[in-house]
Amino acid sequence: MEMFEYVRNDRDGWNPSVCMNFCAAFLSFAQNTAVQDDPRLVYLFSWEPGGPVTVSEHRDAPHAFLPPWYVEAVTQDLPSPPKTPSPKD
């Protein structure tokens, strides 16, 4: 709220509506882009004012931040996928 108070009367100042609109658009873009559930895959988003949001995919890259012990612990708790019956069953 303090930030808003500082720029309330400054016509060229920060506009919270612009910020929230960008945030909503970016989160929608990220949700539609990051569709693979793979702990080794990192989606790197970048943006420069006046330009579009860009994304690049990095697998097993230096951008990865989940330690292997965490990924192993989380995936152990997941239920096994149901077994598909074979024609012999």
# chains A, B, ... in the order shown; residues from 1 in each chain; ligands from 1
>>> select_by_dssp(residues="chain A", states="helix (DSSP H, G or I)", output="PyMOL selection string")
chain A and resi 2-7+16-33+68-76
>>> atom_distance(atom1="CA of Thr33 (chain A)", atom2="CA of Val55 (chain A)")
8.4 Å
>>> residues_around(residues="region 65-76 of chain A", least_positions_apart="5", cutoff="9 Å", atoms="only C-alpha atoms", output="ChimeraX atom specification")
/A:39-40,42
>>> residues_around(residues="Pro52 (chain A)", least_positions_apart="5", cutoff="12 Å", atoms="only C-alpha atoms", output="ChimeraX atom specification")
/A:22,25-26,29,45-47
>>> select_by_dssp(residues="chain A", states="strand (DSSP E or B)", output="list in words")
Leu41, Val42, Tyr43, Leu44, Phe45, Ser46, Thr54, Val55, Ser56, Glu57, His58 and Arg59 of chain A
>>> write_last_selection(atoms="N, CA, C and O atoms", output="PDB file, in the first residue's frame")
ATOM      1  N   LEU A  41      13.274 -30.755 -16.182  1.00  0.00           N
ATOM      2  CA  LEU A  41      12.994 -29.739 -17.196  1.00  0.00           C
ATOM      3  C   LEU A  41      12.732 -28.401 -16.524  1.00  0.00           C
ATOM      4  O   LEU A  41      11.912 -28.306 -15.612  1.00  0.00           O
ATOM      5  N   VAL A  42      13.442 -27.393 -16.984  1.00  0.00           N
ATOM      6  CA  VAL A  42      13.272 -26.037 -16.457  1.00  0.00           C
ATOM      7  C   VAL A  42      12.812 -25.135 -17.594  1.00  0.00           C
ATOM      8  O   VAL A  42      13.397 -25.144 -18.681  1.00  0.00           O
ATOM      9  N   TYR A  43      11.759 -24.413 -17.346  1.00  0.00           N
ATOM     10  CA  TYR A  43      11.287 -23.403 -18.293  1.00  0.00           C
ATOM     11  C   TYR A  43      11.861 -22.070 -17.835  1.00  0.00           C
ATOM     12  O   TYR A  43      11.605 -21.626 -16.716  1.00  0.00           O
ATOM     13  N   LEU A  44      12.642 -21.442 -18.688  1.00  0.00           N
ATOM     14  CA  LEU A  44      13.269 -20.164 -18.357  1.00  0.00           C
ATOM     15  C   LEU A  44      12.533 -19.057 -19.109  1.00  0.00           C
ATOM     16  O   LEU A  44      12.581 -18.992 -20.334  1.00  0.00           O
ATOM     17  N   PHE A  45      11.830 -18.227 -18.358  1.00  0.00           N
ATOM     18  CA  PHE A  45      11.081 -17.112 -18.936  1.00  0.00           C
ATOM     19  C   PHE A  45      11.912 -15.843 -18.817  1.00  0.00           C
ATOM     20  O   PHE A  45      12.581 -15.629 -17.806  1.00  0.00           O
ATOM     21  N   SER A  46      11.851 -15.001 -19.839  1.00  0.00           N
ATOM     22  CA  SER A  46      12.533 -13.702 -19.767  1.00  0.00           C
ATOM     23  C   SER A  46      11.672 -12.656 -20.458  1.00  0.00           C
ATOM     24  O   SER A  46      10.835 -12.965 -21.310  1.00  0.00           O
ATOM     25  N   THR A  54       9.598 -14.288 -23.553  1.00  0.00           N
ATOM     26  CA  THR A  54      10.166 -15.412 -24.282  1.00  0.00           C
ATOM     27  C   THR A  54      10.409 -16.559 -23.309  1.00  0.00           C
ATOM     28  O   THR A  54      10.535 -16.351 -22.097  1.00  0.00           O
ATOM     29  N   VAL A  55      10.455 -17.761 -23.841  1.00  0.00           N
ATOM     30  CA  VAL A  55      10.675 -18.939 -23.001  1.00  0.00           C
ATOM     31  C   VAL A  55      11.639 -19.878 -23.709  1.00  0.00           C
ATOM     32  O   VAL A  55      11.613 -20.002 -24.928  1.00  0.00           O
ATOM     33  N   SER A  56      12.496 -20.480 -22.918  1.00  0.00           N
ATOM     34  CA  SER A  56      13.378 -21.521 -23.444  1.00  0.00           C
ATOM     35  C   SER A  56      13.325 -22.704 -22.485  1.00  0.00           C
ATOM     36  O   SER A  56      13.089 -22.531 -21.291  1.00  0.00           O
ATOM     37  N   GLU A  57      13.503 -23.909 -23.030  1.00  0.00           N
ATOM     38  CA  GLU A  57      13.457 -25.122 -22.223  1.00  0.00           C
ATOM     39  C   GLU A  57      14.872 -25.637 -22.026  1.00  0.00           C
ATOM     40  O   GLU A  57      15.666 -25.674 -22.965  1.00  0.00           O
ATOM     41  N   HIS A  58      15.168 -26.041 -20.799  1.00  0.00           N
ATOM     42  CA  HIS A  58      16.496 -26.550 -20.458  1.00  0.00           C
ATOM     43  C   HIS A  58      16.330 -27.839 -19.667  1.00  0.00           C
ATOM     44  O   HIS A  58      15.683 -27.850 -18.620  1.00  0.00           O
ATOM     45  N   ARG A  59      16.903 -28.921 -20.176  1.00  0.00           N
ATOM     46  CA  ARG A  59      16.806 -30.213 -19.493  1.00  0.00           C
ATOM     47  C   ARG A  59      18.152 -30.516 -18.852  1.00  0.00           C
ATOM     48  O   ARG A  59      19.189 -30.404 -19.492  1.00  0.00           O
TER      49      ARG A  59
END
